[in-house]
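**Q** Coordinates in input.txt, compact mmCIF, C-alpha atoms, are listed below.
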```txt
# COMPACT_ATOMS: atom_id res chain seq x y z
CA MET A 58 -9.78 -24.64 -35.36
CA SER A 59 -9.69 -21.00 -34.33
CA THR A 60 -8.60 -18.51 -36.95
CA GLU A 61 -8.29 -15.68 -34.46
CA PRO A 62 -4.76 -14.35 -34.11
CA SER A 63 -3.11 -15.30 -30.83
CA ASP A 64 -2.34 -12.76 -28.11
CA SER A 65 1.36 -13.07 -28.86
CA LYS A 66 0.82 -12.37 -32.54
CA LEU A 67 -1.35 -9.34 -31.76
CA TRP A 68 1.20 -8.18 -29.25
CA ALA A 69 3.97 -8.44 -31.81
CA GLN A 70 1.91 -6.33 -34.21
CA ALA A 71 1.21 -3.82 -31.44
CA GLY A 72 4.94 -3.71 -30.72
CA ASP A 73 5.45 -2.62 -34.33
CA GLY A 74 3.11 0.27 -33.67
CA ASP A 75 -0.15 -1.33 -34.83
CA ALA A 76 -2.67 0.30 -32.51
CA THR A 77 -5.53 -1.69 -34.09
CA ALA A 78 -3.93 -4.91 -32.91
CA PHE A 79 -3.71 -3.41 -29.45
CA GLY A 80 -7.39 -2.49 -29.76
CA GLU A 81 -8.13 -6.15 -30.44
CA LEU A 82 -6.25 -7.10 -27.28
CA TYR A 83 -8.37 -4.56 -25.46
CA GLU A 84 -11.55 -6.19 -26.79
CA ARG A 85 -10.29 -9.56 -25.62
CA HIS A 86 -9.26 -8.69 -22.09
CA ALA A 87 -11.03 -5.48 -21.03
CA THR A 88 -13.88 -7.30 -19.28
CA ALA A 89 -11.53 -9.38 -17.15
CA ILE A 90 -9.47 -6.33 -16.19
CA TYR A 91 -12.60 -4.27 -15.50
CA ASN A 92 -14.02 -6.91 -13.15
CA HIS A 93 -10.69 -7.38 -11.40
CA CYS A 94 -10.43 -3.63 -10.78
CA PHE A 95 -14.03 -3.53 -9.56
CA ARG A 96 -13.51 -6.38 -7.11
CA ARG A 97 -10.48 -4.63 -5.67
CA THR A 98 -12.12 -1.17 -5.40
CA ALA A 99 -15.89 -1.74 -5.09
CA SER A 100 -16.48 1.05 -7.61
CA TRP A 101 -17.57 0.45 -11.20
CA SER A 102 -16.63 3.97 -12.31
CA LEU A 103 -13.18 3.77 -10.73
CA ALA A 104 -12.79 0.35 -12.35
CA GLU A 105 -13.48 1.92 -15.76
CA ASP A 106 -10.76 4.51 -15.27
CA LEU A 107 -8.35 1.92 -13.93
CA THR A 108 -9.05 -0.36 -16.89
CA SER A 109 -8.11 2.47 -19.25
CA ALA A 110 -4.99 3.11 -17.18
CA VAL A 111 -4.04 -0.59 -17.30
CA PHE A 112 -4.06 -0.61 -21.11
CA LEU A 113 -2.20 2.70 -21.34
CA GLN A 114 0.41 1.33 -18.94
CA ALA A 115 0.53 -1.98 -20.84
CA TRP A 116 1.20 -0.07 -24.05
CA ARG A 117 4.06 1.80 -22.42
CA HIS A 118 5.55 -1.44 -21.13
CA ARG A 119 4.59 -3.63 -24.05
CA SER A 120 8.12 -4.94 -24.41
CA ASP A 121 7.94 -6.40 -20.89
CA VAL A 122 4.92 -8.60 -21.57
CA ARG A 123 5.01 -12.23 -20.43
CA PHE A 124 2.64 -14.81 -21.87
CA VAL A 125 1.29 -17.87 -20.12
CA GLY A 126 0.56 -20.35 -22.86
CA ASP A 127 -0.45 -17.79 -25.39
CA SER A 128 -2.41 -15.50 -23.12
CA ALA A 129 -1.43 -12.00 -22.04
CA ARG A 130 -4.25 -11.92 -19.49
CA PRO A 131 -2.21 -12.94 -16.41
CA TRP A 132 0.37 -10.27 -17.18
CA LEU A 133 -2.35 -7.67 -17.74
CA LEU A 134 -3.94 -8.66 -14.44
CA GLY A 135 -0.52 -8.19 -12.85
CA VAL A 136 -0.37 -4.67 -14.29
CA ALA A 137 -3.89 -4.09 -12.93
CA THR A 138 -2.85 -5.38 -9.50
CA ASN A 139 0.01 -2.90 -9.36
CA LEU A 140 -2.12 -0.01 -10.51
CA VAL A 141 -4.91 -0.80 -8.05
CA ARG A 142 -2.30 -1.00 -5.28
CA ASN A 143 -1.26 2.57 -6.07
CA GLN A 144 -4.57 3.78 -7.42
CA GLN A 145 -4.26 7.39 -6.32
CA ARG A 146 -0.86 7.70 -7.95
CA THR A 147 -2.12 5.81 -11.01
CA LEU A 148 -5.05 8.13 -11.55
CA ARG A 149 -2.85 11.18 -11.08
CA ARG A 150 -0.40 9.84 -13.64
CA TYR A 151 -3.11 9.28 -16.21
CA GLN A 152 -5.14 12.32 -15.23
CA ALA A 153 -4.34 14.18 -18.46
CA ALA A 154 -5.23 11.22 -20.66
CA LEU A 155 -8.45 10.55 -18.73
CA ARG A 156 -9.41 14.23 -18.97
CA ARG A 157 -9.38 13.92 -22.75
CA LEU A 158 -12.09 11.29 -22.49
CA SER A 159 -15.43 12.64 -23.69
CA PRO A 160 -18.41 12.39 -21.32
CA PRO A 161 -19.91 8.89 -21.21
CA PRO A 162 -22.88 8.33 -23.50
CA ASP A 163 -26.40 8.02 -22.06
CA GLU A 164 -27.51 4.43 -22.26
CA ASP A 165 -30.97 3.16 -21.46
CA ASP A 166 -29.79 -0.41 -20.86
CA PHE A 167 -27.15 0.81 -18.46
CA VAL A 168 -29.72 2.78 -16.45
CA ASP A 169 -31.80 -0.40 -16.10
CA ASP A 170 -28.67 -2.13 -14.90
CA LEU A 171 -27.84 0.54 -12.37
CA ALA A 172 -29.62 -0.95 -9.37
CA GLY A 173 -27.82 -4.26 -9.87
CA ARG A 174 -24.49 -2.49 -10.10
CA MET A 175 -25.18 -0.60 -6.88
CA ASP A 176 -25.97 -3.91 -5.18
CA ASP A 177 -22.67 -5.26 -6.50
CA GLU A 178 -20.80 -2.31 -5.03
CA ARG A 179 -22.39 -2.85 -1.63
CA ALA A 180 -21.57 -6.57 -1.72
CA VAL A 181 -17.94 -5.99 -2.72
CA ARG A 182 -17.48 -3.28 -0.09
CA LYS A 183 -18.55 -5.84 2.48
CA LEU A 184 -16.15 -8.43 1.08
CA LEU A 185 -13.29 -5.96 1.03
CA GLY A 186 -14.06 -5.04 4.63
CA LEU A 187 -13.48 -8.65 5.50
CA ILE A 188 -10.42 -9.41 3.44
CA GLU A 189 -8.62 -6.17 4.27
CA ARG A 190 -7.67 -7.93 7.48
CA LEU A 191 -5.30 -10.02 5.39
CA PRO A 192 -1.88 -8.73 4.39
CA ARG A 193 -1.87 -7.07 0.97
CA ARG A 194 0.12 -9.88 -0.68
CA ASP A 195 -2.47 -12.45 0.47
CA ARG A 196 -5.36 -10.28 -0.72
CA GLU A 197 -3.79 -10.02 -4.16
CA VAL A 198 -3.33 -13.77 -4.52
CA LEU A 199 -6.87 -14.35 -3.32
CA ALA A 200 -8.28 -11.90 -5.88
CA LEU A 201 -6.31 -13.37 -8.76
CA CYS A 202 -6.81 -17.06 -8.03
CA ALA A 203 -10.19 -17.24 -6.35
CA TRP A 204 -11.98 -14.36 -8.02
CA ASP A 205 -10.33 -14.03 -11.43
CA GLY A 206 -9.82 -17.78 -11.78
CA LEU A 207 -6.10 -17.70 -12.55
CA SER A 208 -4.12 -20.89 -12.06
CA TYR A 209 -1.17 -20.85 -9.68
CA ALA A 210 1.19 -20.57 -12.64
CA GLU A 211 -0.73 -17.63 -14.09
CA ALA A 212 -0.90 -15.86 -10.73
CA ALA A 213 2.84 -16.42 -10.34
CA VAL A 214 3.41 -14.54 -13.62
CA ALA A 215 0.99 -11.79 -12.65
CA LEU A 216 2.67 -11.20 -9.29
CA GLU A 217 6.20 -12.06 -10.39
CA VAL A 218 6.65 -14.58 -7.57
CA PRO A 219 7.36 -18.35 -7.60
CA ILE A 220 4.42 -20.76 -7.88
CA GLY A 221 5.13 -22.14 -4.42
CA THR A 222 4.69 -18.65 -2.98
CA VAL A 223 1.29 -18.32 -4.66
CA ARG A 224 0.23 -21.66 -3.24
CA SER A 225 1.36 -20.89 0.29
CA ARG A 226 -0.18 -17.39 0.27
CA LEU A 227 -3.52 -18.71 -0.90
CA SER A 228 -3.48 -21.46 1.66
CA ARG A 229 -2.62 -18.95 4.39
CA ALA A 230 -5.36 -16.59 3.21
CA ARG A 231 -7.93 -19.37 3.41
CA ARG A 232 -6.72 -20.40 6.87
CA ARG A 233 -6.86 -16.85 8.15
CA LEU A 234 -10.26 -16.16 6.69
CA GLU A 235 -11.58 -19.25 8.43
CA GLN A 236 -10.28 -17.77 11.70
CA PHE A 237 -11.94 -14.39 11.08
CA GLN A 238 -15.38 -15.68 10.18
CA PRO A 239 -18.29 -15.41 12.58
CA GLU A 240 -19.73 -18.79 11.54
CA PRO A 241 -17.36 -21.73 11.05
CA GLY A 242 -17.07 -22.88 7.46
CA ALA A 243 -18.94 -19.94 5.97
CA VAL A 244 -16.58 -17.27 4.84
CA GLY A 245 -13.30 -18.83 3.86
CA SER A 246 -14.90 -21.33 1.53
CA ARG A 247 -17.02 -18.65 -0.08
CA LEU A 248 -14.20 -16.23 -0.69
CA VAL A 249 -11.77 -18.91 -1.77
CA ASP A 250 -14.32 -20.81 -3.78
CA GLU A 251 -14.23 -24.19 -5.43
CA ARG A 252 -12.27 -22.87 -8.42
CA GLU A 253 -9.20 -22.87 -6.21
CA ALA A 254 -9.53 -26.63 -5.75
CA ARG A 255 -9.31 -27.14 -9.51
CA HIS A 256 -5.89 -25.56 -9.82
CA GLU A 257 -3.22 -27.93 -10.82
CA GLY A 258 0.23 -27.18 -9.45
CA MET B 180 -26.48 -13.08 5.75
CA LYS B 181 -23.96 -15.58 4.45
CA ASP B 182 -25.23 -14.96 0.91
CA ASP B 183 -23.96 -11.38 1.16
CA LEU B 184 -20.46 -12.81 1.02
CA ASN B 185 -20.84 -14.12 -2.52
CA ILE B 186 -18.73 -12.49 -5.16
CA PRO B 187 -21.00 -10.66 -7.60
CA PRO B 188 -20.94 -12.14 -11.12
CA ALA B 189 -18.75 -10.48 -13.73
CA ARG B 190 -20.25 -7.65 -15.74
CA ASP B 191 -19.13 -6.09 -18.95
CA LEU B 192 -18.52 -2.38 -19.41
CA PRO B 193 -21.76 -0.81 -20.60
CA PRO B 194 -21.58 -1.14 -24.43
CA GLY B 195 -21.39 2.60 -25.11
CA HIS B 196 -18.74 3.10 -22.43
CA ARG B 197 -16.74 0.19 -23.78
CA ARG B 198 -16.78 1.59 -27.30
CA GLN B 199 -15.90 5.04 -26.03
CA ARG B 200 -13.03 3.74 -23.85
CA ARG B 201 -11.62 1.71 -26.74
CA GLU B 202 -11.71 4.70 -29.09
CA HIS B 203 -10.15 6.87 -26.42
CA LEU B 204 -7.37 4.31 -25.89
CA LEU B 205 -6.63 4.13 -29.59
CA SER B 206 -6.64 7.91 -29.95
CA GLU B 207 -4.23 8.20 -27.01
CA LEU B 208 -1.92 5.63 -28.58
CA SER B 209 -2.01 7.39 -31.92
CA ARG B 210 -0.93 10.69 -30.40
CA PRO B 211 2.62 11.44 -31.47
CA GLU B 212 5.19 10.44 -28.89
CA HIS B 213 6.51 13.98 -28.51
CA GLU B 214 2.98 15.28 -27.92
CA ARG B 215 2.32 12.70 -25.22
CA ARG B 216 5.52 13.54 -23.45
CA ARG B 217 5.68 17.31 -23.93
CA ARG B 218 3.44 18.28 -21.07
CA PRO B 219 5.43 16.54 -18.30
CA LYS B 220 8.70 17.88 -19.69
CA VAL B 221 7.42 21.43 -19.80
CA LEU B 222 5.96 21.05 -16.33
CA LEU B 223 9.21 19.60 -15.02
CA ALA B 224 11.27 22.39 -16.55
CA VAL B 225 8.98 25.10 -15.16
CA THR B 226 8.92 23.49 -11.70
CA ALA B 227 12.71 23.09 -11.65
CA GLY B 228 13.12 26.72 -12.71
CA VAL B 229 10.81 28.02 -10.01
CA VAL B 230 12.49 25.89 -7.33
CA MET B 231 15.96 27.08 -8.33
CA LEU B 232 14.83 30.70 -8.35
CA VAL B 233 13.27 30.45 -4.90
CA VAL B 234 16.28 28.64 -3.48
CA ALA B 235 18.62 31.23 -4.94
CA MET B 236 16.59 34.11 -3.54
CA VAL B 237 16.35 32.57 -0.08
CA GLY B 238 19.99 31.56 -0.14
CA VAL B 239 21.23 34.99 -1.13
CA TYR B 240 18.92 36.70 1.36
CA ALA B 241 20.19 34.53 4.19
CA GLY B 242 23.79 34.86 3.11
CA TRP B 243 24.13 31.14 2.51
CA GLY B 244 25.24 31.41 -1.09
CA TRP B 245 24.67 28.09 -2.85
CA ARG B 246 25.33 25.87 0.12
CA ILE B 247 21.61 25.36 0.47
CA LEU B 248 21.58 23.40 -2.78
CA THR B 249 23.49 20.57 -1.22
CA PRO B 250 22.26 20.21 2.37
CA PRO B 251 23.92 17.31 4.11
CA GLU B 252 21.61 14.46 5.08
CA ASN B 253 21.45 14.59 8.83
CA SER B 254 21.23 11.01 9.88
CA ALA B 255 22.70 9.33 12.90
CA GLU B 256 22.87 5.70 13.86
CA GLY B 257 20.16 4.67 16.26
CA SER B 258 21.18 4.22 19.84
CA SER B 259 18.05 2.66 21.31
CA ARG B 260 18.13 1.13 24.73
CA TRP B 261 16.28 -1.85 23.31
CA HIS B 262 16.63 -3.81 20.14
CA PHE B 263 13.99 -6.42 19.51
CA THR B 264 13.88 -9.48 17.33
CA ASP B 265 10.40 -10.61 18.38
CA PRO B 266 7.46 -8.18 18.13
CA LYS B 267 5.83 -9.79 21.17
CA ASP B 268 8.81 -8.79 23.29
CA MET B 269 8.32 -5.22 22.09
CA VAL B 270 4.67 -5.36 23.15
CA ALA B 271 5.59 -6.74 26.56
CA THR B 272 8.16 -4.01 27.11
CA SER B 273 5.80 -1.19 26.10
CA ASP B 274 3.67 0.68 28.60
CA LEU B 275 1.17 1.63 25.93
CA VAL B 276 0.55 0.66 22.32
CA VAL B 277 -1.87 2.76 20.29
CA LEU B 278 -3.16 3.20 16.79
CA GLY B 279 -3.41 6.95 16.46
CA THR B 280 -3.16 10.03 14.31
CA VAL B 281 -0.66 12.83 14.83
CA THR B 282 -2.74 15.97 15.21
CA GLY B 283 -0.10 18.41 16.38
CA VAL B 284 3.64 18.95 16.70
CA GLU B 285 5.25 21.50 19.01
CA ARG B 286 8.78 22.42 19.90
CA ASP B 287 9.93 21.33 23.30
CA GLY B 288 13.16 21.29 25.27
CA VAL B 289 16.59 22.34 24.12
CA SER B 290 19.78 20.49 24.92
CA ASP B 291 22.88 22.56 24.23
CA GLN B 292 25.85 20.29 23.54
CA GLY B 293 28.24 23.11 22.67
CA ASP B 294 28.65 23.02 18.92
CA VAL B 295 25.33 21.25 18.41
CA VAL B 296 21.97 22.07 19.92
CA TYR B 297 19.30 19.37 20.03
CA ILE B 298 15.65 20.34 20.21
CA THR B 299 13.02 17.80 21.15
CA ARG B 300 9.42 18.02 20.00
CA LEU B 301 6.11 16.89 21.35
CA LEU B 302 3.71 14.97 19.16
CA HIS B 303 0.03 15.16 20.01
CA VAL B 304 -1.46 11.83 19.04
CA THR B 305 -5.21 11.35 18.96
CA VAL B 306 -5.86 7.73 19.80
CA ASP B 307 -8.05 5.85 17.32
CA LYS B 308 -7.62 2.60 19.22
CA ARG B 309 -5.77 1.52 22.32
CA LEU B 310 -4.07 -1.76 21.54
CA PHE B 311 -2.20 -2.49 24.76
CA GLY B 312 -1.63 -0.89 28.16
CA THR B 313 -3.49 1.75 30.08
CA LEU B 314 -4.58 4.95 28.44
CA SER B 315 -4.88 7.80 30.90
CA GLY B 316 -5.58 10.69 28.55
CA ASP B 317 -6.29 11.53 24.95
CA PRO B 318 -4.52 12.93 23.01
CA VAL B 319 -1.37 11.15 24.08
CA VAL B 320 1.68 13.40 24.12
CA VAL B 321 4.82 11.73 22.83
CA GLU B 322 8.28 13.19 23.22
CA ASP B 323 10.24 12.75 20.02
CA LEU B 324 13.41 13.80 18.27
CA GLY B 325 12.94 17.31 16.91
CA TRP B 326 15.66 19.31 15.28
CA GLU B 327 19.41 19.63 15.30
CA LYS B 328 21.01 23.05 15.12
CA ALA B 329 24.63 23.36 14.09
CA GLY B 330 26.58 26.11 12.38
CA GLY B 331 23.58 28.40 12.54
CA ARG B 332 21.42 25.99 10.56
CA GLU B 333 18.56 23.93 11.87
CA MET B 334 17.43 20.69 10.32
CA PRO B 335 15.25 17.76 11.31
CA TRP B 336 16.96 15.48 13.78
CA ARG B 337 16.68 12.10 12.15
CA VAL B 338 17.83 8.74 13.38
CA LYS B 339 18.54 6.06 10.85
CA GLY B 340 15.85 3.39 10.82
CA MET B 341 13.35 5.53 12.71
CA ILE B 342 10.30 7.06 11.07
CA ARG B 343 9.73 10.77 11.49
CA LEU B 344 6.07 11.41 12.18
CA GLU B 345 4.34 14.54 10.95
CA VAL B 346 0.88 16.00 11.40
CA GLY B 347 -1.72 13.84 9.65
CA ASN B 348 0.29 10.62 9.88
CA ARG B 349 -1.59 7.59 11.18
CA ALA B 350 0.62 5.12 12.97
CA VAL B 351 0.92 2.27 15.43
CA LEU B 352 3.17 3.41 18.25
CA PHE B 353 4.86 1.31 20.92
CA LEU B 354 5.38 3.73 23.79
CA ARG B 355 7.34 3.71 27.00
CA LYS B 356 6.72 6.13 29.85
CA GLU B 357 9.90 7.86 30.90
CA PRO B 358 10.08 7.46 34.69
CA THR B 359 11.90 10.76 35.12
CA THR B 360 9.58 12.99 33.08
CA GLY B 361 6.39 10.94 33.13
CA ARG B 362 6.12 11.50 29.39
CA PHE B 363 5.66 8.90 26.71
CA GLY B 364 8.37 8.30 24.15
CA LEU B 365 8.87 5.74 21.39
CA LEU B 366 10.29 2.60 22.94
CA SER B 367 13.03 2.17 20.34
CA ASP B 368 13.84 2.95 16.73
CA GLN B 369 11.67 -0.09 15.87
CA ALA B 370 8.65 1.28 17.71
CA GLY B 371 6.78 3.38 15.11
CA TYR B 372 4.81 2.07 12.10
CA LEU B 373 2.99 4.21 9.58
CA VAL B 374 -0.42 2.97 8.56
CA GLU B 375 -1.83 3.13 5.04
CA GLY B 376 -5.47 2.09 4.81
CA PRO B 377 -5.73 -1.44 6.19
CA ASP B 378 -1.98 -2.08 5.95
CA ILE B 379 1.17 -1.24 7.81
CA ALA B 380 3.05 0.96 5.34
CA ASN B 381 6.25 -0.22 3.76
CA THR B 382 8.95 2.31 4.61
CA ALA B 383 11.75 0.17 3.18
CA ARG B 384 13.52 -0.14 6.53
CA THR B 385 15.97 -3.00 6.68
CA ASP B 386 15.68 -4.30 10.25
CA PRO B 387 14.27 -7.86 9.99
CA MET B 388 11.65 -7.42 12.71
CA VAL B 389 10.53 -4.10 11.23
CA ARG B 390 10.31 -5.75 7.81
CA ARG B 391 8.17 -8.51 9.29
CA ILE B 392 5.76 -6.03 10.86
CA GLU B 393 5.60 -3.87 7.73
CA GLU B 394 4.37 -6.88 5.78
CA MET B 395 1.35 -7.20 8.07
CA SER B 396 -2.11 -5.72 7.86
CA VAL B 397 -3.18 -3.58 10.81
CA PHE B 398 -5.58 -6.33 11.77
CA GLU B 399 -2.78 -8.89 11.88
CA LEU B 400 -0.62 -6.65 14.03
CA GLU B 401 -3.55 -6.13 16.39
CA ARG B 402 -3.93 -9.90 16.68
CA LEU B 403 -0.24 -10.29 17.41
CA ILE B 404 -0.50 -7.65 20.13
CA ASP B 405 -3.53 -9.41 21.61
CA GLU B 406 -1.62 -12.69 21.61
CA ALA B 407 1.31 -11.05 23.39
CA ALA B 408 -1.03 -9.55 25.99
CA ALA B 409 -2.61 -12.98 26.56
CA ALA B 410 0.85 -14.56 26.94
CA MET B 411 1.71 -11.91 29.53
CA ARG B 412 -1.45 -12.66 31.50
CA ARG B 413 -0.49 -16.33 31.52
CA GLY B 414 2.96 -15.38 32.79
CA GLU B 415 4.66 -16.69 29.65
CA LEU B 416 6.02 -13.33 28.49
CA GLN B 417 7.80 -10.62 30.44
CA PRO B 418 9.12 -7.16 29.60
CA VAL B 419 12.66 -7.15 28.24
CA PRO B 420 15.11 -5.32 30.54
CA GLU B 421 17.24 -2.56 29.06
CA GLY B 422 20.10 -4.00 27.06
CA GLY B 423 18.22 -7.22 26.31
CA ARG B 424 17.47 -10.48 28.04
CA ARG B 425 20.22 -12.41 29.73
CA LYS B 426 20.92 -15.72 28.04
CA PRO B 427 19.98 -18.68 30.26
CA GLN B 428 22.96 -20.14 32.12
CA GLN B 429 24.28 -23.30 30.51
CA SER B 430 24.42 -26.16 32.95
CA PRO B 431 27.89 -27.70 33.16
```
Reformat the file's structure so that it appears as structure tokens.
**A**
Amino acid sequence: MSTEPSDSKLWAQAGDGDATAFGELYERHATAIYNHCFRRTASWSLAEDLTSAVFLQAWRHRSDVRFVGDSARPWLLGVATNLVRNQQRTLRRYQAALRRLSPPPDEDDFVDDLAGRMDDERAVRKLLGLIERLPRRDREVLALCAWDGLSYAEAAVALEVPIGTVRSRLSRARRRLEQFQPEPGAVGSRLVDEREARHEG
Amino acid sequence: MKDDLNIPPARDLPPGHRRQRREHLLSELSRPEHERRRRPKVLLAVTAGVVMLVVAMVGVYAGWGWRILTPPENSAEGSSRWHFTDPKDMVATSDLVVLGTVTGVERDGVSDQGDVVYITRLLHVTVDKRLFGTLSGDPVVVEDLGWEKAGGREMPWRVKGMIRLEVGNRAVLFLRKEPTTGRFGLLSDQAGYLVEGPDIANTARTDPMVRRIEEMSVFELERLIDEAAAAMRRGELQPVPEGGRRKPQQSP
């Protein structure tokens, strides 16, 4: 049995002004937010700034949080989705806070990792080039369900739409991607991968 | 090449960066509320002060007093010759549809209506992509609503529901060639769509067909236009006459 405090308990502590509890939430969810932001922007450095902005924004709006089960992750991904959507405005808004960030430390491991990260950026740029043909609302559902692995119910909380809307948008995205692809059967199934099939209503 | 379409596996923030970002977050949260909010308030107060000072100086200089502080919103109801409910009809009725960027605006003709003077303007639109119709020159010059002058004051001539394009705007434009002047103009108040990145921008207009188009990506709108063009070639779609299509006669 896990002895770790639940997200909702940590959130309640954070609501009482306990920044350490909020730090624990950061530890728990930063990686998911970071990868979501990267997959929507194709830039690891931008994703770092956006991740910081997501948690600053989440702190400001901590009374609005919605949990799915006991997880704050879908709601945090919803905050991330909104901030990525308006990323220029987001970064302007948090410019002062981000300026107070000290220069990143030099890290040998990270330098070794750099080539892989550059490959990732190239790959995601290519993916984004393909999915930007979809309407924004479809792209967002695709990113949350197929890439971040949210269930329909979790994506519905993140996007503040009914579950049926999530289902129909994802289905439409898949259908449209199949139409766009150069080789039948290649793209749609790769972008909307098998995780989508595991979602229960 | 299909492998290029795989989603790269998740990565963590580099450990040092992660630690640094976490510490930064906690230090930001521990800043006193008043300290976090002071800067915007000061900035807002200074900006408001400067704006009021400039307005006062201009107003006094021009003899307007404080009237300038409350300029009336100049907005008229649209009086387009066409109103569409299906975007494909709008395509079929257009002479030219382009995705382009406004690169210049110049003043054009003046129409003196007595107490009000209307000034048209010409938009120079550099075509990024022709989507429908025949393009005879680039940039395309589009005649548009300019300014309205009344009571000695001139203000932008706006029509409710119609976007006002400015230099630098990227937009999809449904254009009609005026037979009398030979110039292009927007087909109706539903005929201009700002573009933001890959999407049609949301300008919060309320017309249902405009709403539908503003929820599309540019790519989707292009496909819709292609479909309309194909339907026209097959003879399944015709331009809509001014005032709308006649309803088919009911057989007795």
**Q** State, in Å with one decimal place, the distance from CA of Glu345 (chain B) to CA of Arg286 (chain B).
**A** 12.7 Å
**Q** Quick one: which residues from chain B are at most 9 Å off chain A, using all atoms listed in the file, as a ChimeraX atom specification?
**A** /B:181,183-197,199-209,215,376-379,394-399
**Q** Using only C-alpha atoms, find the one residue out of B:Glu357, B:Glu406, B:Glu327, B:Asp268 that sits nearest to Pro418 (chain B).
**A**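 For Pro418 (chain B), the nearest of the given residues is B:Asp268.
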**Q** By how many Å are CA of Leu199 (chain A) and CA of Val351 (chain B) apart?
**A**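 These two atoms are separated by 26.2 Å.
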**Q** Using all atoms listed in the file, determine which residues lie at most 10 Å from region 126-135 of chain A, disregarding the query and same-chain residues fewer than 3 positions distant; provide the list as an MDAnalysis selection string.
**A** chainID A and resid 63:66 68 82 85:87 89:91 93:94 108 111:112 114:115 121:123 138:141 197 201 205 207:208 210:217
**Q** Quick one: distance from CA of Glu322 (chain B) to CA of Glu285 (chain B) in Å, one decimal?
**A**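 CA of Glu285 (chain B) lies 9.8 Å from CA of Glu322 (chain B).
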**Q** For Glu415 (chain B), which of B:Lys267, B:Asp294, B:Asp274, B:Gly288 is the closest residue, counting all atoms listed in the file?
**A**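 For Glu415 (chain B), the nearest of the given residues is B:Lys267.
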**Q** Between B:Pro387, B:Gly325, B:Gly340, B:Pro266, which is the closest to Thr299 (chain B) once you count only C-alpha atoms?
**A**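 Closest residue, counting only C-alpha atoms: B:Gly325.
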